[in-house]
Amino acid sequence: MMNSIVKPIGPMTETTPMTDQPVVNDETSRLQKLADDHLEGWKRAKADYLNLKKQTDKEKQNIAQFAVAQTVTRFLGIYDNLNRALKHVPAEEREREWVKGVEATRKMFVDELKTIGLEIIPTVGHPFDPMKHHAVSNVPNTGQPSGTIIEELKAGFMAADRVLEPAQVTVAA
């Protein structure tokens with residue numbers, strides 16, 4: 001028989017001995033750490049996004065409230081004029097239909113202000129609050145406790161916790 005020698009067809013490759021198992025574990029650990037780092041980065045990015053979204057939504061709401069307040073402030077003089085007109089109606093004219101119409105118009109105006117979140121600042125009989133009221137004058141010896149509002153000269157308005165226009169009042173001294 002012929003003497004045959006087996007020649008390898010391609011380059012010889014060495015087999016990986018079982019001692020290389022820690023190399024695989026090191027690679028797995030490295031990849032797991034990389035995946036964990038990416039996951040943590042994603043979680044931080046998501047939290048940043050949610051915080052930005054909350055902040056943006058709040059800013060949008062504040063801008064909308066400010067726009068409404070700016071627009072409505074222009075119409076508050078109408079309420080004051082209706083009050084002044086009703087204040088000067090003689091007693092004998094109080095039951096006339098036109099007076100009732102002006103009173104109904106004022107009430108409707110106030111109701112509409114309430115629907116958009118505005119409220120009239122309480123005045124007469126309430127304690128003076130420099131954050132909500134502007135004292136135009138003080139009157140001594142009124143029979144009211146000192147610091148009590150005895151007359152409203154001009155209505156004041158609030159939107160939420162913000163004073164749009166302070167009430168102008170007379171205060172007992």
# chains A, B, ... in the order shown; residues from 1 in each chain; ligands from 1
$ select_by_dssp --residues "range 5-136 of chain A" --states "alpha helix (DSSP H)" --output "PyMOL selection string"
chain A and resi 21-73+76-87+97-115
$ write_last_selection --atoms "C-alpha atoms" --output "PDB file, in the first residue's frame"
ATOM      1  CA  GLN A  21     -13.928  29.628  30.230  1.00  0.00           C
ATOM      2  CA  PRO A  22     -12.986  32.655  32.419  1.00  0.00           C
ATOM      3  CA  VAL A  23     -12.388  34.642  29.212  1.00  0.00           C
ATOM      4  CA  VAL A  24     -16.028  34.059  28.240  1.00  0.00           C
ATOM      5  CA  ASN A  25     -17.184  35.043  31.738  1.00  0.00           C
ATOM      6  CA  ASP A  26     -15.084  38.213  31.575  1.00  0.00           C
ATOM      7  CA  GLU A  27     -16.612  39.080  28.193  1.00  0.00           C
ATOM      8  CA  THR A  28     -20.115  38.356  29.505  1.00  0.00           C
ATOM      9  CA  SER A  29     -19.464  40.521  32.555  1.00  0.00           C
ATOM     10  CA  ARG A  30     -18.142  43.341  30.380  1.00  0.00           C
ATOM     11  CA  LEU A  31     -21.157  43.173  28.096  1.00  0.00           C
ATOM     12  CA  GLN A  32     -23.547  42.998  31.063  1.00  0.00           C
ATOM     13  CA  LYS A  33     -21.908  46.083  32.585  1.00  0.00           C
ATOM     14  CA  LEU A  34     -22.170  47.870  29.242  1.00  0.00           C
ATOM     15  CA  ALA A  35     -25.861  46.925  28.995  1.00  0.00           C
ATOM     16  CA  ASP A  36     -26.456  48.095  32.583  1.00  0.00           C
ATOM     17  CA  ASP A  37     -24.716  51.402  31.836  1.00  0.00           C
ATOM     18  CA  HIS A  38     -26.889  51.900  28.762  1.00  0.00           C
ATOM     19  CA  LEU A  39     -30.009  51.032  30.760  1.00  0.00           C
ATOM     20  CA  GLU A  40     -29.088  53.525  33.483  1.00  0.00           C
ATOM     21  CA  GLY A  41     -28.409  56.186  30.858  1.00  0.00           C
ATOM     22  CA  TRP A  42     -31.780  55.488  29.275  1.00  0.00           C
ATOM     23  CA  LYS A  43     -33.517  55.706  32.660  1.00  0.00           C
ATOM     24  CA  ARG A  44     -31.840  59.063  33.367  1.00  0.00           C
ATOM     25  CA  ALA A  45     -32.783  60.353  29.917  1.00  0.00           C
ATOM     26  CA  LYS A  46     -36.379  59.224  30.439  1.00  0.00           C
ATOM     27  CA  ALA A  47     -36.518  60.920  33.867  1.00  0.00           C
ATOM     28  CA  ASP A  48     -35.045  64.103  32.374  1.00  0.00           C
ATOM     29  CA  TYR A  49     -37.632  63.985  29.588  1.00  0.00           C
ATOM     30  CA  LEU A  50     -40.522  63.511  32.033  1.00  0.00           C
ATOM     31  CA  ASN A  51     -39.265  66.380  34.201  1.00  0.00           C
ATOM     32  CA  LEU A  52     -38.922  68.613  31.146  1.00  0.00           C
ATOM     33  CA  LYS A  53     -42.429  67.655  30.023  1.00  0.00           C
ATOM     34  CA  LYS A  54     -43.868  68.529  33.452  1.00  0.00           C
ATOM     35  CA  GLN A  55     -41.999  71.834  33.477  1.00  0.00           C
ATOM     36  CA  THR A  56     -43.118  72.653  29.933  1.00  0.00           C
ATOM     37  CA  ASP A  57     -46.746  71.787  30.725  1.00  0.00           C
ATOM     38  CA  LYS A  58     -46.619  73.981  33.820  1.00  0.00           C
ATOM     39  CA  GLU A  59     -45.096  76.856  31.829  1.00  0.00           C
ATOM     40  CA  LYS A  60     -47.800  76.473  29.161  1.00  0.00           C
ATOM     41  CA  GLN A  61     -50.462  76.624  31.862  1.00  0.00           C
ATOM     42  CA  ASN A  62     -48.864  79.711  33.418  1.00  0.00           C
ATOM     43  CA  ILE A  63     -48.655  81.429  30.031  1.00  0.00           C
ATOM     44  CA  ALA A  64     -52.305  80.625  29.326  1.00  0.00           C
ATOM     45  CA  GLN A  65     -53.353  81.950  32.746  1.00  0.00           C
ATOM     46  CA  PHE A  66     -51.288  85.081  32.202  1.00  0.00           C
ATOM     47  CA  ALA A  67     -52.850  85.639  28.771  1.00  0.00           C
ATOM     48  CA  VAL A  68     -56.355  85.227  30.199  1.00  0.00           C
ATOM     49  CA  ALA A  69     -55.510  87.550  33.090  1.00  0.00           C
ATOM     50  CA  GLN A  70     -54.098  90.199  30.744  1.00  0.00           C
ATOM     51  CA  THR A  71     -57.168  90.027  28.519  1.00  0.00           C
ATOM     52  CA  VAL A  72     -59.681  90.001  31.353  1.00  0.00           C
ATOM     53  CA  THR A  73     -57.967  92.880  33.156  1.00  0.00           C
ATOM     54  CA  LEU A  76     -62.598  94.870  34.714  1.00  0.00           C
ATOM     55  CA  GLY A  77     -63.374  98.558  34.260  1.00  0.00           C
ATOM     56  CA  ILE A  78     -66.787  97.514  32.936  1.00  0.00           C
ATOM     57  CA  TYR A  79     -67.585  95.944  36.305  1.00  0.00           C
ATOM     58  CA  ASP A  80     -66.462  99.102  38.111  1.00  0.00           C
ATOM     59  CA  ASN A  81     -68.621 101.276  35.858  1.00  0.00           C
ATOM     60  CA  LEU A  82     -71.665  99.068  36.447  1.00  0.00           C
ATOM     61  CA  ASN A  83     -71.057  99.322  40.211  1.00  0.00           C
ATOM     62  CA  ARG A  84     -70.692 103.104  40.057  1.00  0.00           C
ATOM     63  CA  ALA A  85     -73.877 103.418  38.016  1.00  0.00           C
ATOM     64  CA  LEU A  86     -75.832 101.269  40.474  1.00  0.00           C
ATOM     65  CA  LYS A  87     -74.368 103.101  43.461  1.00  0.00           C
ATOM     66  CA  GLU A  97     -86.732  97.720  35.025  1.00  0.00           C
ATOM     67  CA  TRP A  98     -83.615  99.382  33.631  1.00  0.00           C
ATOM     68  CA  VAL A  99     -81.962  99.229  37.080  1.00  0.00           C
ATOM     69  CA  LYS A 100     -82.826  95.536  37.345  1.00  0.00           C
ATOM     70  CA  GLY A 101     -81.329  95.088  33.872  1.00  0.00           C
ATOM     71  CA  VAL A 102     -78.061  96.752  34.906  1.00  0.00           C
ATOM     72  CA  GLU A 103     -77.958  94.593  38.067  1.00  0.00           C
ATOM     73  CA  ALA A 104     -78.583  91.457  35.978  1.00  0.00           C
ATOM     74  CA  THR A 105     -75.807  92.491  33.583  1.00  0.00           C
ATOM     75  CA  ARG A 106     -73.399  92.973  36.483  1.00  0.00           C
ATOM     76  CA  LYS A 107     -74.337  89.564  37.924  1.00  0.00           C
ATOM     77  CA  MET A 108     -73.870  87.896  34.533  1.00  0.00           C
ATOM     78  CA  PHE A 109     -70.459  89.573  34.188  1.00  0.00           C
ATOM     79  CA  VAL A 110     -69.399  88.285  37.639  1.00  0.00           C
ATOM     80  CA  ASP A 111     -70.662  84.778  36.826  1.00  0.00           C
ATOM     81  CA  GLU A 112     -68.637  84.748  33.605  1.00  0.00           C
ATOM     82  CA  LEU A 113     -65.528  85.886  35.480  1.00  0.00           C
ATOM     83  CA  LYS A 114     -65.992  82.964  37.876  1.00  0.00           C
ATOM     84  CA  THR A 115     -66.220  80.472  35.005  1.00  0.00           C
TER      85      THR A 115
END
$ closest_atom_pairs --of "range 68-132 of chain A" --to "range 137-158 of chain A" --cutoff "7 Å" --atoms "only C-alpha atoms" --output "JSON lines"
{"residue": "A:Asp80", "atom": "CA", "partner": "A:Lys154", "partner_atom": "CA", "distance": 6.3}
{"residue": "A:Leu118", "atom": "CA", "partner": "A:Met158", "partner_atom": "CA", "distance": 5.6}
{"residue": "A:Glu119", "atom": "CA", "partner": "A:Met158", "partner_atom": "CA", "distance": 5.4}
{"residue": "A:Ile120", "atom": "CA", "partner": "A:Phe157", "partner_atom": "CA", "distance": 4.6}
{"residue": "A:Ile121", "atom": "CA", "partner": "A:Gly156", "partner_atom": "CA", "distance": 5.2}
{"residue": "A:Thr123", "atom": "CA", "partner": "A:Ile149", "partner_atom": "CA", "distance": 6.0}
{"residue": "A:Val124", "atom": "CA", "partner": "A:Ile149", "partner_atom": "CA", "distance": 5.0}
{"residue": "A:Gly125", "atom": "CA", "partner": "A:Ile149", "partner_atom": "CA", "distance": 5.5}
{"residue": "A:His126", "atom": "CA", "partner": "A:Ile149", "partner_atom": "CA", "distance": 5.7}
{"residue": "A:Pro127", "atom": "CA", "partner": "A:Thr148", "partner_atom": "CA", "distance": 4.5}
{"residue": "A:Phe128", "atom": "CA", "partner": "A:Gly147", "partner_atom": "CA", "distance": 5.5}
$ write_last_selection --atoms "N, CA and C atoms" --output "PDB file, in the first residue's frame"
ATOM      1  N   ASP A  80     -66.512  97.898  37.273  1.00  0.00           N
ATOM      2  CA  ASP A  80     -66.462  99.102  38.111  1.00  0.00           C
ATOM      3  C   ASP A  80     -67.488 100.137  37.659  1.00  0.00           C
ATOM      4  N   LEU A 118     -61.720  83.655  37.804  1.00  0.00           N
ATOM      5  CA  LEU A 118     -61.489  84.920  38.497  1.00  0.00           C
ATOM      6  C   LEU A 118     -62.495  85.079  39.624  1.00  0.00           C
ATOM      7  N   GLU A 119     -62.072  85.772  40.649  1.00  0.00           N
ATOM      8  CA  GLU A 119     -62.987  86.059  41.748  1.00  0.00           C
ATOM      9  C   GLU A 119     -62.773  87.485  42.222  1.00  0.00           C
ATOM     10  N   ILE A 120     -63.835  88.040  42.773  1.00  0.00           N
ATOM     11  CA  ILE A 120     -63.773  89.396  43.311  1.00  0.00           C
ATOM     12  C   ILE A 120     -63.201  89.307  44.720  1.00  0.00           C
ATOM     13  N   ILE A 121     -62.276  90.183  45.028  1.00  0.00           N
ATOM     14  CA  ILE A 121     -61.667  90.205  46.360  1.00  0.00           C
ATOM     15  C   ILE A 121     -62.690  90.763  47.346  1.00  0.00           C
ATOM     16  N   THR A 123     -64.295  92.746  50.361  1.00  0.00           N
ATOM     17  CA  THR A 123     -63.851  94.032  50.910  1.00  0.00           C
ATOM     18  C   THR A 123     -64.644  94.420  52.155  1.00  0.00           C
ATOM     19  N   VAL A 124     -65.765  95.093  52.003  1.00  0.00           N
ATOM     20  CA  VAL A 124     -66.491  95.705  53.124  1.00  0.00           C
ATOM     21  C   VAL A 124     -66.775  94.672  54.218  1.00  0.00           C
ATOM     22  N   GLY A 125     -66.347  95.034  55.448  1.00  0.00           N
ATOM     23  CA  GLY A 125     -66.540  94.176  56.609  1.00  0.00           C
ATOM     24  C   GLY A 125     -65.398  93.203  56.842  1.00  0.00           C
ATOM     25  N   HIS A 126     -64.510  93.090  55.906  1.00  0.00           N
ATOM     26  CA  HIS A 126     -63.367  92.182  56.036  1.00  0.00           C
ATOM     27  C   HIS A 126     -62.137  92.952  56.521  1.00  0.00           C
ATOM     28  N   PRO A 127     -61.190  92.243  57.141  1.00  0.00           N
ATOM     29  CA  PRO A 127     -59.954  92.907  57.568  1.00  0.00           C
ATOM     30  C   PRO A 127     -59.116  93.327  56.356  1.00  0.00           C
ATOM     31  N   PHE A 128     -58.438  94.435  56.506  1.00  0.00           N
ATOM     32  CA  PHE A 128     -57.559  94.943  55.453  1.00  0.00           C
ATOM     33  C   PHE A 128     -56.382  93.993  55.275  1.00  0.00           C
TER      34      PHE A 128
END
$ select_by_dssp --residues "range 131-169 of chain A" --states "strand (DSSP E or B)" --output "MDAnalysis selection string"
chainID A and resid 133:139 148:154 157:159 162:165 167:169
$ write_last_selection --atoms "N, CA and C atoms" --output "PDB file, in the first residue's frame"
ATOM      1  N   HIS A 133     -55.528  94.448  49.076  1.00  0.00           N
ATOM      2  CA  HIS A 133     -56.235  95.730  49.120  1.00  0.00           C
ATOM      3  C   HIS A 133     -55.249  96.894  49.048  1.00  0.00           C
ATOM      4  N   HIS A 134     -55.729  97.981  48.472  1.00  0.00           N
ATOM      5  CA  HIS A 134     -54.964  99.225  48.451  1.00  0.00           C
ATOM      6  C   HIS A 134     -55.788 100.243  49.239  1.00  0.00           C
ATOM      7  N   ALA A 135     -55.253 100.679  50.384  1.00  0.00           N
ATOM      8  CA  ALA A 135     -55.975 101.640  51.228  1.00  0.00           C
ATOM      9  C   ALA A 135     -55.834 103.032  50.622  1.00  0.00           C
ATOM     10  N   VAL A 136     -56.960 103.593  50.205  1.00  0.00           N
ATOM     11  CA  VAL A 136     -56.966 104.936  49.638  1.00  0.00           C
ATOM     12  C   VAL A 136     -57.081 105.959  50.759  1.00  0.00           C
ATOM     13  N   SER A 137     -57.830 105.595  51.816  1.00  0.00           N
ATOM     14  CA  SER A 137     -57.972 106.509  52.958  1.00  0.00           C
ATOM     15  C   SER A 137     -58.294 105.727  54.222  1.00  0.00           C
ATOM     16  N   ASN A 138     -58.059 106.386  55.359  1.00  0.00           N
ATOM     17  CA  ASN A 138     -58.412 105.859  56.682  1.00  0.00           C
ATOM     18  C   ASN A 138     -59.424 106.796  57.304  1.00  0.00           C
ATOM     19  N   VAL A 139     -60.419 106.225  57.959  1.00  0.00           N
ATOM     20  CA  VAL A 139     -61.448 107.040  58.604  1.00  0.00           C
ATOM     21  C   VAL A 139     -61.480 106.666  60.089  1.00  0.00           C
ATOM     22  N   THR A 148     -60.536  97.394  59.683  1.00  0.00           N
ATOM     23  CA  THR A 148     -61.669  96.814  58.957  1.00  0.00           C
ATOM     24  C   THR A 148     -62.002  97.693  57.756  1.00  0.00           C
ATOM     25  N   ILE A 149     -62.276  97.074  56.638  1.00  0.00           N
ATOM     26  CA  ILE A 149     -62.643  97.823  55.430  1.00  0.00           C
ATOM     27  C   ILE A 149     -64.086  98.296  55.580  1.00  0.00           C
ATOM     28  N   ILE A 150     -64.288  99.610  55.398  1.00  0.00           N
ATOM     29  CA  ILE A 150     -65.635 100.165  55.556  1.00  0.00           C
ATOM     30  C   ILE A 150     -66.253 100.603  54.229  1.00  0.00           C
ATOM     31  N   GLU A 151     -65.430 100.728  53.180  1.00  0.00           N
ATOM     32  CA  GLU A 151     -65.976 101.121  51.888  1.00  0.00           C
ATOM     33  C   GLU A 151     -65.079 100.600  50.767  1.00  0.00           C
ATOM     34  N   GLU A 152     -65.718 100.129  49.701  1.00  0.00           N
ATOM     35  CA  GLU A 152     -64.989  99.712  48.503  1.00  0.00           C
ATOM     36  C   GLU A 152     -65.115 100.819  47.472  1.00  0.00           C
ATOM     37  N   LEU A 153     -63.979 101.343  47.044  1.00  0.00           N
ATOM     38  CA  LEU A 153     -63.982 102.386  46.025  1.00  0.00           C
ATOM     39  C   LEU A 153     -63.847 101.791  44.624  1.00  0.00           C
ATOM     40  N   LYS A 154     -63.112 100.707  44.551  1.00  0.00           N
ATOM     41  CA  LYS A 154     -62.931 100.023  43.271  1.00  0.00           C
ATOM     42  C   LYS A 154     -62.697  98.548  43.570  1.00  0.00           C
ATOM     43  N   PHE A 157     -59.583  92.009  41.939  1.00  0.00           N
ATOM     44  CA  PHE A 157     -59.804  90.694  41.348  1.00  0.00           C
ATOM     45  C   PHE A 157     -58.586  89.804  41.520  1.00  0.00           C
ATOM     46  N   MET A 158     -58.870  88.505  41.670  1.00  0.00           N
ATOM     47  CA  MET A 158     -57.823  87.492  41.806  1.00  0.00           C
ATOM     48  C   MET A 158     -58.061  86.379  40.791  1.00  0.00           C
ATOM     49  N   ALA A 159     -56.969  85.772  40.353  1.00  0.00           N
ATOM     50  CA  ALA A 159     -57.010  84.557  39.538  1.00  0.00           C
ATOM     51  C   ALA A 159     -56.148  83.543  40.264  1.00  0.00           C
ATOM     52  N   ARG A 162     -53.292  84.596  42.688  1.00  0.00           N
ATOM     53  CA  ARG A 162     -52.591  85.789  42.215  1.00  0.00           C
ATOM     54  C   ARG A 162     -53.543  86.973  42.115  1.00  0.00           C
ATOM     55  N   VAL A 163     -53.136  88.089  42.688  1.00  0.00           N
ATOM     56  CA  VAL A 163     -53.941  89.311  42.618  1.00  0.00           C
ATOM     57  C   VAL A 163     -53.709  89.953  41.255  1.00  0.00           C
ATOM     58  N   LEU A 164     -54.796  90.113  40.501  1.00  0.00           N
ATOM     59  CA  LEU A 164     -54.700  90.792  39.204  1.00  0.00           C
ATOM     60  C   LEU A 164     -54.776  92.292  39.386  1.00  0.00           C
ATOM     61  N   GLU A 165     -55.681  92.683  40.265  1.00  0.00           N
ATOM     62  CA  GLU A 165     -55.885  94.104  40.534  1.00  0.00           C
ATOM     63  C   GLU A 165     -56.341  94.229  41.985  1.00  0.00           C
ATOM     64  N   ALA A 167     -58.061  95.644  45.348  1.00  0.00           N
ATOM     65  CA  ALA A 167     -59.254  96.453  45.604  1.00  0.00           C
ATOM     66  C   ALA A 167     -58.824  97.765  46.253  1.00  0.00           C
ATOM     67  N   GLN A 168     -59.427  98.855  45.824  1.00  0.00           N
ATOM     68  CA  GLN A 168     -59.157 100.158  46.443  1.00  0.00           C
ATOM     69  C   GLN A 168     -60.242 100.381  47.488  1.00  0.00           C
ATOM     70  N   VAL A 169     -59.800 100.629  48.727  1.00  0.00           N
ATOM     71  CA  VAL A 169     -60.741 100.642  49.850  1.00  0.00           C
ATOM     72  C   VAL A 169     -60.466 101.785  50.826  1.00  0.00           C
TER      73      VAL A 169
END
$ atom_distance --atom1 "CA of Ile116 in chain A" --atom2 "CA of Phe75 in chain A"
13.2 Å
$ decode --residues "range 71-110 of chain A" --atoms "N, CA and C atoms" --output "PDB file, in the first residue's frame"
ATOM      1  N   THR A  71     -55.984  89.704  29.316  1.00  0.00           N
ATOM      2  CA  THR A  71     -57.168  90.027  28.519  1.00  0.00           C
ATOM      3  C   THR A  71     -58.316  90.466  29.413  1.00  0.00           C
ATOM      4  N   VAL A  72     -58.554  89.706  30.467  1.00  0.00           N
ATOM      5  CA  VAL A  72     -59.681  90.001  31.353  1.00  0.00           C
ATOM      6  C   VAL A  72     -59.476  91.318  32.084  1.00  0.00           C
ATOM      7  N   THR A  73     -58.242  91.637  32.437  1.00  0.00           N
ATOM      8  CA  THR A  73     -57.967  92.880  33.156  1.00  0.00           C
ATOM      9  C   THR A  73     -58.485  94.088  32.382  1.00  0.00           C
ATOM     10  N   ARG A  74     -58.476  93.997  31.078  1.00  0.00           N
ATOM     11  CA  ARG A  74     -58.984  95.104  30.256  1.00  0.00           C
ATOM     12  C   ARG A  74     -60.487  95.309  30.434  1.00  0.00           C
ATOM     13  N   PHE A  75     -61.192  94.258  30.821  1.00  0.00           N
ATOM     14  CA  PHE A  75     -62.643  94.335  30.950  1.00  0.00           C
ATOM     15  C   PHE A  75     -63.117  94.630  32.373  1.00  0.00           C
ATOM     16  N   LEU A  76     -62.200  94.671  33.321  1.00  0.00           N
ATOM     17  CA  LEU A  76     -62.598  94.870  34.714  1.00  0.00           C
ATOM     18  C   LEU A  76     -63.181  96.258  34.953  1.00  0.00           C
ATOM     19  N   GLY A  77     -62.804  97.218  34.152  1.00  0.00           N
ATOM     20  CA  GLY A  77     -63.374  98.558  34.260  1.00  0.00           C
ATOM     21  C   GLY A  77     -64.879  98.558  34.010  1.00  0.00           C
ATOM     22  N   ILE A  78     -65.346  97.624  33.194  1.00  0.00           N
ATOM     23  CA  ILE A  78     -66.787  97.514  32.936  1.00  0.00           C
ATOM     24  C   ILE A  78     -67.516  97.216  34.239  1.00  0.00           C
ATOM     25  N   TYR A  79     -66.975  96.285  35.016  1.00  0.00           N
ATOM     26  CA  TYR A  79     -67.585  95.944  36.305  1.00  0.00           C
ATOM     27  C   TYR A  79     -67.618  97.173  37.211  1.00  0.00           C
ATOM     28  N   ASP A  80     -66.512  97.898  37.273  1.00  0.00           N
ATOM     29  CA  ASP A  80     -66.462  99.102  38.111  1.00  0.00           C
ATOM     30  C   ASP A  80     -67.488 100.137  37.659  1.00  0.00           C
ATOM     31  N   ASN A  81     -67.637 100.308  36.358  1.00  0.00           N
ATOM     32  CA  ASN A  81     -68.621 101.276  35.858  1.00  0.00           C
ATOM     33  C   ASN A  81     -70.050 100.843  36.175  1.00  0.00           C
ATOM     34  N   LEU A  82     -70.333  99.561  36.072  1.00  0.00           N
ATOM     35  CA  LEU A  82     -71.665  99.068  36.447  1.00  0.00           C
ATOM     36  C   LEU A  82     -71.920  99.315  37.933  1.00  0.00           C
ATOM     37  N   ASN A  83     -70.914  99.064  38.768  1.00  0.00           N
ATOM     38  CA  ASN A  83     -71.057  99.322  40.211  1.00  0.00           C
ATOM     39  C   ASN A  83     -71.299 100.802  40.490  1.00  0.00           C
ATOM     40  N   ARG A  84     -70.517 101.663  39.845  1.00  0.00           N
ATOM     41  CA  ARG A  84     -70.692 103.104  40.057  1.00  0.00           C
ATOM     42  C   ARG A  84     -72.091 103.553  39.631  1.00  0.00           C
ATOM     43  N   ALA A  85     -72.542 103.050  38.500  1.00  0.00           N
ATOM     44  CA  ALA A  85     -73.877 103.418  38.016  1.00  0.00           C
ATOM     45  C   ALA A  85     -74.943 102.982  39.012  1.00  0.00           C
ATOM     46  N   LEU A  86     -74.832 101.766  39.523  1.00  0.00           N
ATOM     47  CA  LEU A  86     -75.832 101.269  40.474  1.00  0.00           C
ATOM     48  C   LEU A  86     -75.745 101.989  41.817  1.00  0.00           C
ATOM     49  N   LYS A  87     -74.553 102.395  42.192  1.00  0.00           N
ATOM     50  CA  LYS A  87     -74.368 103.101  43.461  1.00  0.00           C
ATOM     51  C   LYS A  87     -75.069 104.466  43.439  1.00  0.00           C
ATOM     52  N   HIS A  88     -75.187 105.066  42.281  1.00  0.00           N
ATOM     53  CA  HIS A  88     -75.772 106.404  42.177  1.00  0.00           C
ATOM     54  C   HIS A  88     -77.248 106.406  41.759  1.00  0.00           C
ATOM     55  N   VAL A  89     -77.861 105.238  41.719  1.00  0.00           N
ATOM     56  CA  VAL A  89     -79.292 105.182  41.400  1.00  0.00           C
ATOM     57  C   VAL A  89     -80.063 105.628  42.641  1.00  0.00           C
ATOM     58  N   PRO A  90     -80.941 106.613  42.502  1.00  0.00           N
ATOM     59  CA  PRO A  90     -81.738 107.064  43.648  1.00  0.00           C
ATOM     60  C   PRO A  90     -82.626 105.923  44.168  1.00  0.00           C
ATOM     61  N   ALA A  91     -82.912 105.940  45.451  1.00  0.00           N
ATOM     62  CA  ALA A  91     -83.705 104.891  46.101  1.00  0.00           C
ATOM     63  C   ALA A  91     -85.052 104.690  45.417  1.00  0.00           C
ATOM     64  N   GLU A  92     -85.688 105.785  45.005  1.00  0.00           N
ATOM     65  CA  GLU A  92     -87.010 105.664  44.382  1.00  0.00           C
ATOM     66  C   GLU A  92     -86.947 105.027  42.986  1.00  0.00           C
ATOM     67  N   GLU A  93     -85.748 104.917  42.405  1.00  0.00           N
ATOM     68  CA  GLU A  93     -85.588 104.326  41.072  1.00  0.00           C
ATOM     69  C   GLU A  93     -85.162 102.848  41.129  1.00  0.00           C
ATOM     70  N   ARG A  94     -84.879 102.326  42.313  1.00  0.00           N
ATOM     71  CA  ARG A  94     -84.318 100.973  42.472  1.00  0.00           C
ATOM     72  C   ARG A  94     -85.188  99.874  41.856  1.00  0.00           C
ATOM     73  N   GLU A  95     -86.476 100.064  41.825  1.00  0.00           N
ATOM     74  CA  GLU A  95     -87.381  99.032  41.319  1.00  0.00           C
ATOM     75  C   GLU A  95     -87.672  99.169  39.828  1.00  0.00           C
ATOM     76  N   ARG A  96     -87.067 100.110  39.180  1.00  0.00           N
ATOM     77  CA  ARG A  96     -87.294 100.301  37.745  1.00  0.00           C
ATOM     78  C   ARG A  96     -86.642  99.153  36.964  1.00  0.00           C
ATOM     79  N   GLU A  97     -87.213  98.840  35.841  1.00  0.00           N
ATOM     80  CA  GLU A  97     -86.732  97.720  35.025  1.00  0.00           C
ATOM     81  C   GLU A  97     -85.304  97.935  34.516  1.00  0.00           C
ATOM     82  N   TRP A  98     -84.958  99.146  34.148  1.00  0.00           N
ATOM     83  CA  TRP A  98     -83.615  99.382  33.631  1.00  0.00           C
ATOM     84  C   TRP A  98     -82.560  99.154  34.708  1.00  0.00           C
ATOM     85  N   VAL A  99     -82.899  99.467  35.974  1.00  0.00           N
ATOM     86  CA  VAL A  99     -81.962  99.229  37.080  1.00  0.00           C
ATOM     87  C   VAL A  99     -81.790  97.726  37.271  1.00  0.00           C
ATOM     88  N   LYS A 100     -82.910  96.999  37.217  1.00  0.00           N
ATOM     89  CA  LYS A 100     -82.826  95.536  37.345  1.00  0.00           C
ATOM     90  C   LYS A 100     -82.009  94.944  36.191  1.00  0.00           C
ATOM     91  N   GLY A 101     -82.117  95.544  35.025  1.00  0.00           N
ATOM     92  CA  GLY A 101     -81.329  95.088  33.872  1.00  0.00           C
ATOM     93  C   GLY A 101     -79.842  95.314  34.076  1.00  0.00           C
ATOM     94  N   VAL A 102     -79.474  96.466  34.629  1.00  0.00           N
ATOM     95  CA  VAL A 102     -78.061  96.752  34.906  1.00  0.00           C
ATOM     96  C   VAL A 102     -77.543  95.799  35.980  1.00  0.00           C
ATOM     97  N   GLU A 103     -78.362  95.539  37.014  1.00  0.00           N
ATOM     98  CA  GLU A 103     -77.958  94.593  38.067  1.00  0.00           C
ATOM     99  C   GLU A 103     -77.782  93.186  37.495  1.00  0.00           C
ATOM    100  N   ALA A 104     -78.690  92.783  36.605  1.00  0.00           N
ATOM    101  CA  ALA A 104     -78.583  91.457  35.978  1.00  0.00           C
ATOM    102  C   ALA A 104     -77.328  91.376  35.103  1.00  0.00           C
ATOM    103  N   THR A 105     -77.016  92.455  34.419  1.00  0.00           N
ATOM    104  CA  THR A 105     -75.807  92.491  33.583  1.00  0.00           C
ATOM    105  C   THR A 105     -74.558  92.361  34.448  1.00  0.00           C
ATOM    106  N   ARG A 106     -74.544  93.061  35.565  1.00  0.00           N
ATOM    107  CA  ARG A 106     -73.399  92.973  36.483  1.00  0.00           C
ATOM    108  C   ARG A 106     -73.257  91.548  37.009  1.00  0.00           C
ATOM    109  N   LYS A 107     -74.376  90.935  37.408  1.00  0.00           N
ATOM    110  CA  LYS A 107     -74.337  89.564  37.924  1.00  0.00           C
ATOM    111  C   LYS A 107     -73.835  88.591  36.852  1.00  0.00           C
ATOM    112  N   MET A 108     -74.308  88.752  35.628  1.00  0.00           N
ATOM    113  CA  MET A 108     -73.870  87.896  34.533  1.00  0.00           C
ATOM    114  C   MET A 108     -72.367  88.070  34.290  1.00  0.00           C
ATOM    115  N   PHE A 109     -71.882  89.290  34.368  1.00  0.00           N
ATOM    116  CA  PHE A 109     -70.459  89.573  34.188  1.00  0.00           C
ATOM    117  C   PHE A 109     -69.643  88.852  35.264  1.00  0.00           C
ATOM    118  N   VAL A 110     -70.095  88.947  36.523  1.00  0.00           N
ATOM    119  CA  VAL A 110     -69.399  88.285  37.639  1.00  0.00           C
ATOM    120  C   VAL A 110     -69.423  86.769  37.453  1.00  0.00           C
TER     121      VAL A 110
END
